[in-house]
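Shown below: upload08.cif, with mmCIF, C-alpha atoms.
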```cif
data_upload
loop_
_atom_site.label_atom_id
_atom_site.label_comp_id
_atom_site.auth_asym_id
_atom_site.auth_seq_id
_atom_site.Cartn_x
_atom_site.Cartn_y
_atom_site.Cartn_z
CA MET A 1 7.45 5.37 10.32
CA LYS A 2 8.15 4.66 6.65
CA VAL A 3 6.85 1.22 5.71
CA PHE A 4 7.75 -0.35 2.37
CA VAL A 5 5.50 -3.28 1.44
CA LEU A 6 7.25 -5.52 -1.08
CA LEU A 7 4.64 -7.07 -3.37
CA PHE A 8 5.05 -9.82 -5.98
CA ASP A 9 2.54 -11.73 -8.09
CA ASP A 10 0.31 -14.09 -6.10
CA PHE A 11 1.01 -12.65 -2.67
CA THR A 12 -1.66 -13.26 0.00
CA ALA A 13 -3.64 -10.09 0.66
CA LEU A 14 -4.28 -10.55 4.39
CA ASP A 15 -0.55 -11.09 4.98
CA VAL A 16 -0.20 -7.49 3.84
CA PHE A 17 -3.30 -5.74 5.09
CA GLY A 18 -3.36 -7.09 8.64
CA PRO A 19 0.04 -5.56 9.44
CA VAL A 20 -0.64 -2.50 7.24
CA GLU A 21 -3.83 -1.77 9.21
CA ALA A 22 -1.84 -1.78 12.45
CA LEU A 23 1.23 0.11 11.17
CA SER A 24 -0.79 2.74 9.30
CA SER A 25 -2.50 3.62 12.59
CA LEU A 26 0.78 5.01 13.95
CA GLU A 27 0.97 8.80 13.91
CA GLY A 28 2.79 9.97 10.77
CA ALA A 29 2.98 6.50 9.21
CA ASP A 30 3.81 6.50 5.51
CA ILE A 31 2.97 3.26 3.68
CA ARG A 32 4.51 2.61 0.26
CA PHE A 33 3.58 -0.34 -1.94
CA VAL A 34 6.60 -1.39 -4.01
CA SER A 35 7.59 -4.24 -6.31
CA GLN A 36 10.77 -5.30 -8.06
CA ASN A 37 9.84 -3.65 -11.36
CA GLY A 38 6.98 -1.36 -10.36
CA GLY A 39 3.61 -1.41 -12.12
CA THR A 40 0.55 -3.47 -11.33
CA VAL A 41 0.94 -6.57 -9.17
CA GLU A 42 -1.85 -9.17 -9.32
CA ASN A 43 -2.86 -12.07 -7.16
CA HIS A 44 -5.13 -15.11 -7.29
CA GLN A 45 -7.77 -13.23 -5.30
CA GLY A 46 -8.52 -10.96 -8.28
CA LEU A 47 -6.56 -8.11 -6.78
CA LYS A 48 -4.56 -5.61 -8.83
CA ILE A 49 -2.43 -3.13 -6.90
CA VAL A 50 -0.47 -0.26 -8.40
CA THR A 51 3.10 -0.26 -7.05
CA GLU A 52 6.20 1.89 -7.25
CA LYS A 53 9.48 0.41 -8.40
CA LEU A 54 11.60 -0.70 -5.45
CA GLY A 55 14.50 1.70 -5.02
CA GLU A 56 17.05 2.29 -2.29
CA LEU A 57 15.36 2.30 1.12
CA PRO A 58 15.98 5.07 3.66
CA ASP A 59 17.85 4.18 6.87
CA ASP A 60 14.69 4.24 8.96
CA ALA A 61 12.63 2.05 6.59
CA VAL A 62 10.50 -0.85 7.77
CA LEU A 63 10.31 -3.55 5.10
CA LEU A 64 7.22 -5.80 5.12
CA ILE A 65 7.39 -9.03 3.10
CA PRO A 66 4.16 -11.05 2.75
CA GLY A 67 3.82 -14.69 1.72
CA GLY A 68 1.51 -16.42 -0.69
CA PHE A 69 1.44 -18.99 -3.48
CA GLY A 70 3.78 -16.75 -5.47
CA THR A 71 6.66 -17.48 -3.10
CA ARG A 72 6.98 -20.96 -4.66
CA ASN A 73 8.27 -19.39 -7.87
CA ALA A 74 9.85 -16.35 -6.27
CA VAL A 75 12.36 -18.32 -4.15
CA ASN A 76 13.88 -19.60 -7.41
CA ASP A 77 14.07 -16.17 -9.04
CA GLU A 78 17.65 -15.09 -8.33
CA ALA A 79 17.17 -11.48 -9.38
CA PHE A 80 14.16 -11.18 -7.08
CA ILE A 81 15.99 -12.76 -4.14
CA ASP A 82 18.91 -10.37 -4.79
CA ALA A 83 16.42 -7.48 -4.62
CA VAL A 84 14.99 -8.82 -1.33
CA ARG A 85 18.53 -9.18 0.10
CA LYS A 86 19.44 -5.61 -0.88
CA ALA A 87 16.21 -4.10 0.47
CA ALA A 88 16.36 -6.13 3.70
CA GLY A 89 20.00 -5.07 4.13
CA GLU A 90 19.04 -1.39 3.81
CA ALA A 91 15.96 -1.42 6.07
CA LYS A 92 16.08 -0.75 9.80
CA TYR A 93 13.53 -3.49 10.49
CA VAL A 94 12.34 -6.39 8.36
CA LEU A 95 8.94 -8.00 8.99
CA THR A 96 7.78 -11.16 7.21
CA VAL A 97 4.39 -12.86 7.29
CA CYS A 98 3.60 -16.49 6.43
CA THR A 99 5.81 -17.89 3.64
CA GLY A 100 7.45 -14.47 3.37
CA SER A 101 10.03 -16.00 5.75
CA ALA A 102 10.98 -18.46 2.98
CA LEU A 103 11.92 -15.50 0.75
CA LEU A 104 13.99 -13.86 3.47
CA ALA A 105 15.61 -17.20 4.41
CA LYS A 106 16.67 -17.65 0.80
CA THR A 107 18.74 -14.46 1.00
CA GLY A 108 20.88 -15.96 3.78
CA LEU A 109 20.11 -13.03 6.12
CA LEU A 110 18.27 -15.32 8.56
CA ASP A 111 21.18 -17.77 8.91
CA GLY A 112 21.76 -18.45 12.61
CA ARG A 113 18.61 -16.53 13.54
CA LYS A 114 15.27 -17.69 14.94
CA ALA A 115 12.38 -17.78 12.48
CA THR A 116 8.97 -19.35 11.91
CA GLY A 117 6.38 -19.50 9.15
CA ASN A 118 3.07 -20.84 7.91
CA LYS A 119 2.25 -24.15 9.63
CA THR A 120 0.89 -25.90 6.53
CA ALA A 121 3.91 -24.99 4.42
CA PHE A 122 6.44 -25.31 7.24
CA ASP A 123 8.59 -28.11 5.80
CA TRP A 124 8.86 -26.32 2.48
CA THR A 125 9.73 -23.03 4.22
CA ARG A 126 12.40 -24.78 6.25
CA SER A 127 13.94 -26.16 3.06
CA CYS A 128 14.54 -22.56 1.90
CA GLY A 129 17.10 -21.90 4.65
CA GLU A 130 18.96 -24.84 6.16
CA ASN A 131 20.99 -22.67 8.52
CA VAL A 132 18.00 -20.82 9.97
CA LEU A 133 16.92 -21.71 13.54
CA TRP A 134 13.37 -22.65 12.54
CA GLN A 135 10.72 -22.92 15.27
CA ARG A 136 7.34 -24.41 14.48
CA GLU A 137 5.42 -23.40 17.62
CA PRO A 138 5.54 -19.59 17.91
CA ARG A 139 2.91 -17.17 16.62
CA TRP A 140 5.80 -14.87 15.85
CA VAL A 141 9.47 -14.47 16.73
CA SER A 142 11.79 -11.49 16.80
CA ASP A 143 15.53 -11.73 16.52
CA GLY A 144 17.38 -8.43 16.33
CA ARG A 145 15.83 -6.30 13.63
CA TYR A 146 13.84 -9.21 12.18
CA TYR A 147 10.19 -9.92 13.05
CA ILE A 148 8.92 -13.18 11.56
CA SER A 149 5.34 -14.37 11.89
CA ALA A 150 3.49 -17.62 11.33
CA GLY A 151 0.67 -17.85 8.78
CA VAL A 152 -1.56 -15.07 7.47
CA SER A 153 -3.48 -13.69 10.52
CA ALA A 154 -0.44 -14.12 12.78
CA GLY A 155 0.97 -11.09 10.98
CA ILE A 156 -1.55 -8.89 12.80
CA ASP A 157 -0.32 -10.06 16.21
CA MET A 158 3.29 -9.68 15.10
CA ALA A 159 2.70 -6.12 13.87
CA LEU A 160 1.04 -5.21 17.17
CA GLY A 161 3.92 -6.89 19.04
CA PHE A 162 6.40 -4.89 16.95
CA ILE A 163 4.53 -1.69 17.80
CA GLU A 164 4.52 -2.67 21.49
CA ASP A 165 8.30 -3.28 21.44
CA LEU A 166 8.94 0.10 19.82
CA TYR A 167 6.26 2.33 21.32
CA GLY A 168 4.92 0.53 24.40
CA SER A 169 1.86 -1.49 25.27
CA ASP A 170 -0.54 1.47 25.52
CA GLU A 171 0.06 2.36 21.88
CA ALA A 172 -0.38 -1.27 20.78
CA GLU A 173 -3.63 -1.49 22.77
CA ARG A 174 -4.91 1.77 21.32
CA ILE A 175 -4.39 0.46 17.81
CA ALA A 176 -5.82 -3.01 18.52
CA ASN A 177 -8.92 -1.33 19.96
CA ARG A 178 -9.27 0.90 16.93
CA MET A 179 -9.06 -2.23 14.77
CA GLU A 180 -11.51 -4.04 17.12
CA TYR A 181 -8.97 -6.85 17.08
CA HIS A 182 -8.80 -9.54 19.79
CA ARG A 183 -5.03 -9.83 20.24
CA ASN A 184 -3.15 -13.10 20.72
CA ARG A 185 -0.35 -11.90 22.99
CA ASN A 186 1.44 -15.23 23.49
CA ARG A 187 4.12 -15.14 20.84
CA GLU A 188 5.76 -18.37 22.05
CA LYS A 189 3.03 -20.87 21.32
CA ASP A 190 0.22 -20.89 18.81
CA ILE A 191 -2.78 -23.22 18.60
CA PHE A 192 -2.18 -24.11 14.94
CA MET B 193 -19.38 -17.98 -5.06
CA LYS B 194 -19.17 -14.66 -6.92
CA VAL B 195 -18.10 -11.88 -4.57
CA PHE B 196 -18.27 -8.24 -5.64
CA VAL B 197 -16.25 -5.93 -3.43
CA LEU B 198 -17.52 -2.36 -3.72
CA LEU B 199 -14.62 0.04 -3.24
CA PHE B 200 -14.65 3.82 -2.89
CA ASP B 201 -11.92 6.34 -2.05
CA ASP B 202 -10.62 6.10 1.53
CA PHE B 203 -12.03 2.68 2.33
CA THR B 204 -10.28 0.72 5.11
CA ALA B 205 -8.16 -2.08 3.66
CA LEU B 206 -8.60 -4.65 6.43
CA ASP B 207 -12.41 -4.26 6.19
CA VAL B 208 -11.97 -5.71 2.71
CA PHE B 209 -9.12 -8.17 2.98
CA GLY B 210 -10.18 -9.96 6.15
CA PRO B 211 -13.46 -11.14 4.58
CA VAL B 212 -11.84 -11.57 1.14
CA GLU B 213 -9.22 -13.89 2.63
CA ALA B 214 -12.00 -16.08 4.07
CA LEU B 215 -14.34 -15.97 1.06
CA SER B 216 -11.58 -16.52 -1.51
CA SER B 217 -10.73 -19.79 0.27
CA LEU B 218 -14.06 -21.28 -0.83
CA GLU B 219 -13.73 -23.68 -3.74
CA GLY B 220 -14.49 -21.87 -7.00
CA ALA B 221 -14.67 -18.44 -5.39
CA ASP B 222 -14.49 -15.55 -7.84
CA ILE B 223 -13.61 -12.18 -6.30
CA ARG B 224 -14.24 -8.98 -8.29
CA PHE B 225 -13.14 -5.54 -7.16
CA VAL B 226 -15.60 -2.93 -8.42
CA SER B 227 -16.29 0.77 -7.95
CA GLN B 228 -18.99 3.17 -9.06
CA ASN B 229 -17.01 4.45 -12.05
CA GLY B 230 -14.26 1.85 -12.39
CA GLY B 231 -10.57 2.78 -12.51
CA THR B 232 -8.12 3.16 -9.67
CA VAL B 233 -9.46 3.60 -6.15
CA GLU B 234 -7.10 5.04 -3.54
CA ASN B 235 -7.05 5.19 0.22
CA HIS B 236 -5.24 6.97 3.02
CA GLN B 237 -3.01 3.92 3.53
CA GLY B 238 -1.23 4.61 0.23
CA LEU B 239 -3.13 1.86 -1.53
CA LYS B 240 -4.18 2.04 -5.20
CA ILE B 241 -6.42 -0.77 -6.45
CA VAL B 242 -7.53 -1.24 -10.04
CA THR B 243 -11.30 -1.81 -10.17
CA GLU B 244 -13.94 -2.69 -12.74
CA LYS B 245 -16.96 -0.44 -13.20
CA LEU B 246 -19.91 -1.66 -11.17
CA GLY B 247 -22.49 -3.21 -13.46
CA GLU B 248 -25.60 -5.32 -12.95
CA LEU B 249 -24.89 -8.10 -10.44
CA PRO B 250 -25.81 -11.73 -11.14
CA ASP B 251 -28.56 -13.33 -9.04
CA ASP B 252 -26.09 -15.31 -6.96
CA ALA B 253 -23.77 -12.38 -6.21
CA VAL B 254 -22.42 -11.63 -2.77
CA LEU B 255 -21.86 -7.90 -2.29
CA LEU B 256 -19.20 -6.84 0.23
CA ILE B 257 -19.21 -3.21 1.40
CA PRO B 258 -16.31 -2.03 3.56
CA GLY B 259 -16.15 1.05 5.75
CA GLY B 260 -13.51 3.69 6.22
CA PHE B 261 -13.01 7.44 6.46
CA GLY B 262 -14.44 7.77 2.95
CA THR B 263 -17.92 6.83 4.17
CA ARG B 264 -18.24 10.30 5.74
CA ASN B 265 -18.40 11.85 2.29
CA ALA B 266 -19.97 8.87 0.55
CA VAL B 267 -23.18 8.87 2.64
CA ASN B 268 -23.91 12.34 1.22
CA ASP B 269 -23.23 11.35 -2.39
CA GLU B 270 -26.71 10.59 -3.74
CA ALA B 271 -25.51 8.96 -6.95
CA PHE B 272 -23.22 6.67 -4.97
CA ILE B 273 -25.95 5.72 -2.49
CA ASP B 274 -28.27 5.02 -5.45
CA ALA B 275 -25.59 2.70 -6.85
CA VAL B 276 -25.26 0.93 -3.48
CA ARG B 277 -29.07 0.53 -3.30
CA LYS B 278 -29.24 -0.94 -6.80
CA ALA B 279 -26.33 -3.34 -6.27
CA ALA B 280 -27.59 -4.44 -2.84
CA GLY B 281 -31.04 -4.99 -4.33
CA GLU B 282 -29.60 -7.26 -7.04
CA ALA B 283 -27.26 -9.31 -4.80
CA LYS B 284 -28.28 -12.52 -3.08
CA TYR B 285 -26.36 -11.58 0.08
CA VAL B 286 -25.03 -8.25 1.26
CA LEU B 287 -22.16 -8.09 3.77
CA THR B 288 -20.97 -4.87 5.37
CA VAL B 289 -17.96 -4.24 7.60
CA CYS B 290 -17.43 -1.35 10.01
CA THR B 291 -18.95 1.93 8.77
CA GLY B 292 -20.04 0.12 5.61
CA SER B 293 -23.31 -0.33 7.50
CA ALA B 294 -23.79 3.45 7.42
CA LEU B 295 -23.72 3.32 3.61
CA LEU B 296 -26.21 0.48 3.48
CA ALA B 297 -28.43 2.13 6.11
CA LYS B 298 -28.53 5.29 3.99
CA THR B 299 -30.18 3.31 1.16
CA GLY B 300 -33.16 2.46 3.39
CA LEU B 301 -32.69 -1.28 2.82
CA LEU B 302 -31.87 -1.86 6.50
CA ASP B 303 -35.05 -0.17 7.77
CA GLY B 304 -36.66 -2.44 10.36
CA ARG B 305 -33.66 -4.77 10.32
CA LYS B 306 -30.99 -5.48 12.93
CA ALA B 307 -27.58 -3.94 12.29
CA THR B 308 -24.39 -2.91 14.03
CA GLY B 309 -21.18 -1.08 13.17
CA ASN B 310 -17.85 0.31 14.30
CA LYS B 311 -17.94 1.08 18.05
CA THR B 312 -16.03 4.37 17.86
CA ALA B 313 -18.25 5.73 15.08
CA PHE B 314 -21.45 4.13 16.35
CA ASP B 315 -23.46 7.29 17.01
CA TRP B 316 -22.63 8.67 13.58
CA THR B 317 -23.49 5.34 11.94
CA ARG B 318 -26.81 5.28 13.76
CA SER B 319 -27.60 8.75 12.46
CA CYS B 320 -27.41 7.35 8.91
CA GLY B 321 -30.51 5.18 9.40
CA GLU B 322 -33.07 6.22 12.00
CA ASN B 323 -35.38 3.27 11.25
CA VAL B 324 -32.66 0.62 11.55
CA LEU B 325 -32.71 -1.61 14.66
CA TRP B 326 -29.16 -0.70 15.73
CA GLN B 327 -27.38 -2.89 18.28
CA ARG B 328 -24.12 -1.77 19.81
CA GLU B 329 -23.01 -5.03 21.48
CA PRO B 330 -22.73 -7.69 18.75
CA ARG B 331 -19.56 -8.62 16.87
CA TRP B 332 -21.83 -9.18 13.91
CA VAL B 333 -25.53 -9.64 13.15
CA SER B 334 -27.38 -11.33 10.34
CA ASP B 335 -30.93 -10.50 9.34
CA GLY B 336 -32.21 -12.28 6.26
CA ARG B 337 -29.75 -11.82 3.46
CA TYR B 338 -27.82 -9.09 5.30
CA TYR B 339 -24.67 -9.74 7.33
CA ILE B 340 -23.46 -6.68 9.20
CA SER B 341 -20.28 -6.59 11.26
CA ALA B 342 -18.77 -4.29 13.86
CA GLY B 343 -15.42 -2.57 13.23
CA VAL B 344 -12.58 -3.69 10.96
CA SER B 345 -11.40 -7.11 12.27
CA ALA B 346 -14.97 -8.14 13.15
CA GLY B 347 -15.46 -8.58 9.42
CA ILE B 348 -13.26 -11.69 9.54
CA ASP B 349 -15.49 -13.33 12.16
CA MET B 350 -18.59 -12.30 10.24
CA ALA B 351 -17.28 -13.77 6.98
CA LEU B 352 -16.45 -17.04 8.74
CA GLY B 353 -19.91 -17.00 10.36
CA PHE B 354 -21.46 -16.40 6.93
CA ILE B 355 -19.51 -19.37 5.53
CA GLU B 356 -20.61 -21.48 8.50
CA ASP B 357 -24.28 -20.57 7.94
CA LEU B 358 -24.04 -21.49 4.24
CA TYR B 359 -21.59 -24.41 4.18
CA GLY B 360 -21.36 -25.71 7.75
CA SER B 361 -18.93 -25.43 10.63
CA ASP B 362 -16.32 -27.83 9.20
CA GLU B 363 -15.80 -25.61 6.18
CA ALA B 364 -15.56 -22.48 8.35
CA GLU B 365 -13.01 -24.23 10.59
CA ARG B 366 -10.99 -25.42 7.62
CA ILE B 367 -10.72 -21.88 6.32
CA ALA B 368 -9.98 -20.33 9.74
CA ASN B 369 -7.18 -22.89 10.18
CA ARG B 370 -5.77 -22.11 6.75
CA MET B 371 -5.77 -18.43 7.75
CA GLU B 372 -4.30 -19.33 11.17
CA TYR B 373 -7.06 -17.15 12.59
CA HIS B 374 -8.29 -17.41 16.20
CA ARG B 375 -12.04 -17.08 15.70
CA ASN B 376 -14.38 -15.10 17.92
CA ARG B 377 -17.51 -17.23 17.65
CA ASN B 378 -19.74 -15.21 19.98
CA ARG B 379 -21.60 -12.96 17.59
CA GLU B 380 -23.89 -11.56 20.30
CA LYS B 381 -21.41 -9.72 22.47
CA ASP B 382 -18.06 -8.17 21.71
CA ILE B 383 -15.42 -6.87 24.13
CA PHE B 384 -15.14 -3.50 22.41
#
```
Take the structure in the file and write it out as structure tokens.
Amino acid sequence: MKVFVLLFDDFTALDVFGPVEALSSLEGADIRFVSQNGGTVENHQGLKIVTEKLGELPDDAVLLIPGGFGTRNAVNDEAFIDAVRKAAGEAKYVLTVCTGSALLAKTGLLDGRKATGNKTAFDWTRSCGENVLWQREPRWVSDGRYYISAGVSAGIDMALGFIEDLYGSDEAERIANRMEYHRNRNREKDIF
Amino acid sequence: MKVFVLLFDDFTALDVFGPVEALSSLEGADIRFVSQNGGTVENHQGLKIVTEKLGELPDDAVLLIPGGFGTRNAVNDEAFIDAVRKAAGEAKYVLTVCTGSALLAKTGLLDGRKATGNKTAFDWTRSCGENVLWQREPRWVSDGRYYISAGVSAGIDMALGFIEDLYGSDEAERIANRMEYHRNRNREKDIF
């Protein structure tokens, strides 16, 4: 599996590294950290990650889009949203975590589809896509090739759910055990 | 709180970014990514992080040491273990995740203290410190200024437990809610 992680300034690190921990445990997984212009991407947690410039994605790509404070600016950056739309259009699967769903909603690709997002920022996220079928209660939702999780840690459960849908429950359990992660398997209803 | 995250090649990302997500949510938290020689640290998940060179830590520093495949080489790197010993000696608190406890055990600082580690690599971890009071069952243990967690995701529960010990349960709950993280509060016994 080729996973392209789309980073931008002020992304939330755990939105990325929960799912990356799960996905990178798949045999032959290839994780690529990319950004719109390449170079070093920074966040408010003091993190500086070296990225490749986002190019055309292969047909079998999985695109992972995190959230974070940076989404507040990024949803108004037309060139960035165009880049998200293009990459999401090329990928086989698109996974978003937390306010990453606001970015994807802004592209229009979620119109008429189920989606969720961070509980604290839910009303703002909803405002980024008026034609999206927003649901506040789920831990994550999938609709076609889109997997959309609630806030931060929910991305881990979504990634394991994605792995279960593609490769079966034994593989998802193997990886959760390796991560010593107590899974939340109920995607429909979260406690937050 | 000043948190110094000690990175080395082939560390496990979630060992770092689970605890960092919790600790960076504390008011005024300052997270610094450091390595023995500074520069870019890489891991098997395709990650490249820019780090500062490890220097003398301030009296109130919290040192976070992750695990990962890289610990297998690192425990035999005398200069690196010397650097871990010095930094851990300077810090006010030392937190390890997963096989990070093998690195700390190798310094001798855990001799006579309770510790745990990754379940899959437990026998190897134990071999890195024959005078450590190893416990296989806990999700995490604390002994004095040392907080030592089991594998990968257990670091999140340990970090929240550390925050609870220092700042109270309301603050730990606030942060877990912000992370939308289902806590495992039983530190004594894990399911893995």
- Can you pull out every residue within 8 Å of range 331-336 of chain B, counting only C-alpha atoms, but drop anything in the same chain fewer than 6 positions away, and send it as a PyMOL selection string? chain B and resi 305-308+342+346-347+349-350+378-382
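We find CA of Lys298 in chain B and CA of Ala271 in chain B to be spaced 11.9 Å apart.
CA of Ser149 in chain A is positioned 11.8 Å from CA of Gly18 in chain A.
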- Message: Can you translate the PyMOL selection byres ((chain A) within 8 of (chain B)) into the concrete residues it hits in this file, as a count of residues only?
- Response: 30
Listed atoms of range 238-243 of chain B boxed axis-aligned with 6 Å per side, centre + edges as AutoDock Vina command-line options:
```
--center_x -6.3 --center_y 1.4 --center_z -5.0 --size_x 22.1 --size_y 18.4 --size_z 22.4
```
- Message: If we count only C-alpha atoms and set the cut-off at 6 Å, which residues sit around range 259-263 of chain B, ignoring sequence neighbours fewer than 2 positions away in its own chain? Please answer as JSON, numbers by chain.
- Response: {"B": [201, 202, 203, 204, 265, 266, 267, 289, 290, 291, 292]}
- Hey, what's within 9 Å of Lys92 in chain A if we count only C-alpha atoms and toss same-chain stuff fewer than 5 positions away? As number ranges by chain, please? A: 58-63, 145
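Between CA of Leu287 in chain B and CA of Leu256 in chain B the interatomic distance comes to 4.8 Å.
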Hey, what comes out of the PyMOL selection byres ((chain B and resi 319) around 12) on this file? Could you write it as an mmCIF file with C-alpha atoms, in the frame of the given file?
```cif
data_model
loop_
_atom_site.group_PDB
_atom_site.id
_atom_site.type_symbol
_atom_site.label_atom_id
_atom_site.label_comp_id
_atom_site.auth_asym_id
_atom_site.auth_seq_id
_atom_site.Cartn_x
_atom_site.Cartn_y
_atom_site.Cartn_z
ATOM 1 C CA ARG B 264 -18.240 10.300 5.740
ATOM 2 C CA VAL B 267 -23.180 8.870 2.640
ATOM 3 C CA THR B 291 -18.950 1.930 8.770
ATOM 4 C CA SER B 293 -23.310 -0.330 7.500
ATOM 5 C CA ALA B 294 -23.790 3.450 7.420
ATOM 6 C CA LEU B 295 -23.720 3.320 3.610
ATOM 7 C CA ALA B 297 -28.430 2.130 6.110
ATOM 8 C CA LYS B 298 -28.530 5.290 3.990
ATOM 9 C CA GLY B 309 -21.180 -1.080 13.170
ATOM 10 C CA ALA B 313 -18.250 5.730 15.080
ATOM 11 C CA PHE B 314 -21.450 4.130 16.350
ATOM 12 C CA ASP B 315 -23.460 7.290 17.010
ATOM 13 C CA TRP B 316 -22.630 8.670 13.580
ATOM 14 C CA THR B 317 -23.490 5.340 11.940
ATOM 15 C CA ARG B 318 -26.810 5.280 13.760
ATOM 16 C CA CYS B 320 -27.410 7.350 8.910
ATOM 17 C CA GLY B 321 -30.510 5.180 9.400
ATOM 18 C CA GLU B 322 -33.070 6.220 12.000
ATOM 19 C CA ASN B 323 -35.380 3.270 11.250
ATOM 20 C CA VAL B 324 -32.660 0.620 11.550
ATOM 21 C CA LEU B 325 -32.710 -1.610 14.660
ATOM 22 C CA TRP B 326 -29.160 -0.700 15.730
#
```
- Task: Using the chain letters and numbers from the file, give me the residues hit by the PyMOL selection byres ((chain B and resi 277) around 12), as a PyMOL selection string.
- Result: chain B and resi 198+228+248-249+255+257+267+270-276+278-283+286+295-302
Any chance you could model N, CA, C and O atoms for range 229-243 of chain B and send them as a PDB file, in the frame of the given file?
```pdb
ATOM      1  N   ASN B 229     -17.408   4.021 -10.707  1.00  0.00           N
ATOM      2  CA  ASN B 229     -17.010   4.450 -12.050  1.00  0.00           C
ATOM      3  C   ASN B 229     -15.872   3.644 -12.654  1.00  0.00           C
ATOM      4  O   ASN B 229     -15.398   3.963 -13.736  1.00  0.00           O
ATOM      5  N   GLY B 230     -15.421   2.611 -11.936  1.00  0.00           N
ATOM      6  CA  GLY B 230     -14.260   1.850 -12.390  1.00  0.00           C
ATOM      7  C   GLY B 230     -12.973   2.649 -12.212  1.00  0.00           C
ATOM      8  O   GLY B 230     -12.974   3.754 -11.659  1.00  0.00           O
ATOM      9  N   GLY B 231     -11.852   2.078 -12.633  1.00  0.00           N
ATOM     10  CA  GLY B 231     -10.570   2.780 -12.510  1.00  0.00           C
ATOM     11  C   GLY B 231      -9.908   2.521 -11.164  1.00  0.00           C
ATOM     12  O   GLY B 231     -10.291   1.615 -10.440  1.00  0.00           O
ATOM     13  N   THR B 232      -8.939   3.371 -10.873  1.00  0.00           N
ATOM     14  CA  THR B 232      -8.120   3.160  -9.670  1.00  0.00           C
ATOM     15  C   THR B 232      -8.761   3.838  -8.462  1.00  0.00           C
ATOM     16  O   THR B 232      -9.097   5.021  -8.514  1.00  0.00           O
ATOM     17  N   VAL B 233      -8.924   3.073  -7.405  1.00  0.00           N
ATOM     18  CA  VAL B 233      -9.460   3.600  -6.150  1.00  0.00           C
ATOM     19  C   VAL B 233      -8.301   3.703  -5.163  1.00  0.00           C
ATOM     20  O   VAL B 233      -7.488   2.783  -5.059  1.00  0.00           O
ATOM     21  N   GLU B 234      -8.224   4.814  -4.452  1.00  0.00           N
ATOM     22  CA  GLU B 234      -7.100   5.040  -3.540  1.00  0.00           C
ATOM     23  C   GLU B 234      -7.594   5.192  -2.099  1.00  0.00           C
ATOM     24  O   GLU B 234      -8.754   5.543  -1.876  1.00  0.00           O
ATOM     25  N   ASN B 235      -6.687   4.904  -1.172  1.00  0.00           N
ATOM     26  CA  ASN B 235      -7.050   5.190   0.220  1.00  0.00           C
ATOM     27  C   ASN B 235      -5.903   5.836   0.975  1.00  0.00           C
ATOM     28  O   ASN B 235      -4.806   6.019   0.442  1.00  0.00           O
ATOM     29  N   HIS B 236      -6.191   6.217   2.194  1.00  0.00           N
ATOM     30  CA  HIS B 236      -5.240   6.970   3.020  1.00  0.00           C
ATOM     31  C   HIS B 236      -4.060   6.104   3.454  1.00  0.00           C
ATOM     32  O   HIS B 236      -3.122   6.610   4.063  1.00  0.00           O
ATOM     33  N   GLN B 237      -4.125   4.793   3.171  1.00  0.00           N
ATOM     34  CA  GLN B 237      -3.010   3.920   3.530  1.00  0.00           C
ATOM     35  C   GLN B 237      -2.023   3.760   2.364  1.00  0.00           C
ATOM     36  O   GLN B 237      -1.186   2.859   2.374  1.00  0.00           O
ATOM     37  N   GLY B 238      -2.161   4.633   1.356  1.00  0.00           N
ATOM     38  CA  GLY B 238      -1.230   4.610   0.230  1.00  0.00           C
ATOM     39  C   GLY B 238      -1.554   3.554  -0.814  1.00  0.00           C
ATOM     40  O   GLY B 238      -0.766   3.286  -1.723  1.00  0.00           O
ATOM     41  N   LEU B 239      -2.721   2.982  -0.682  1.00  0.00           N
ATOM     42  CA  LEU B 239      -3.130   1.860  -1.530  1.00  0.00           C
ATOM     43  C   LEU B 239      -3.835   2.364  -2.795  1.00  0.00           C
ATOM     44  O   LEU B 239      -4.649   3.284  -2.726  1.00  0.00           O
ATOM     45  N   LYS B 240      -3.493   1.744  -3.930  1.00  0.00           N
ATOM     46  CA  LYS B 240      -4.180   2.040  -5.200  1.00  0.00           C
ATOM     47  C   LYS B 240      -4.588   0.715  -5.815  1.00  0.00           C
ATOM     48  O   LYS B 240      -3.735  -0.085  -6.209  1.00  0.00           O
ATOM     49  N   ILE B 241      -5.901   0.487  -5.926  1.00  0.00           N
ATOM     50  CA  ILE B 241      -6.420  -0.770  -6.450  1.00  0.00           C
ATOM     51  C   ILE B 241      -7.150  -0.509  -7.769  1.00  0.00           C
ATOM     52  O   ILE B 241      -7.967   0.418  -7.863  1.00  0.00           O
ATOM     53  N   VAL B 242      -6.858  -1.338  -8.750  1.00  0.00           N
ATOM     54  CA  VAL B 242      -7.530  -1.240 -10.040  1.00  0.00           C
ATOM     55  C   VAL B 242      -8.881  -1.950  -9.929  1.00  0.00           C
ATOM     56  O   VAL B 242      -8.953  -3.106  -9.508  1.00  0.00           O
ATOM     57  N   THR B 243      -9.959  -1.237 -10.292  1.00  0.00           N
ATOM     58  CA  THR B 243     -11.300  -1.810 -10.170  1.00  0.00           C
ATOM     59  C   THR B 243     -12.013  -1.837 -11.525  1.00  0.00           C
ATOM     60  O   THR B 243     -11.681  -1.076 -12.431  1.00  0.00           O
TER      61      THR B 243
END
```
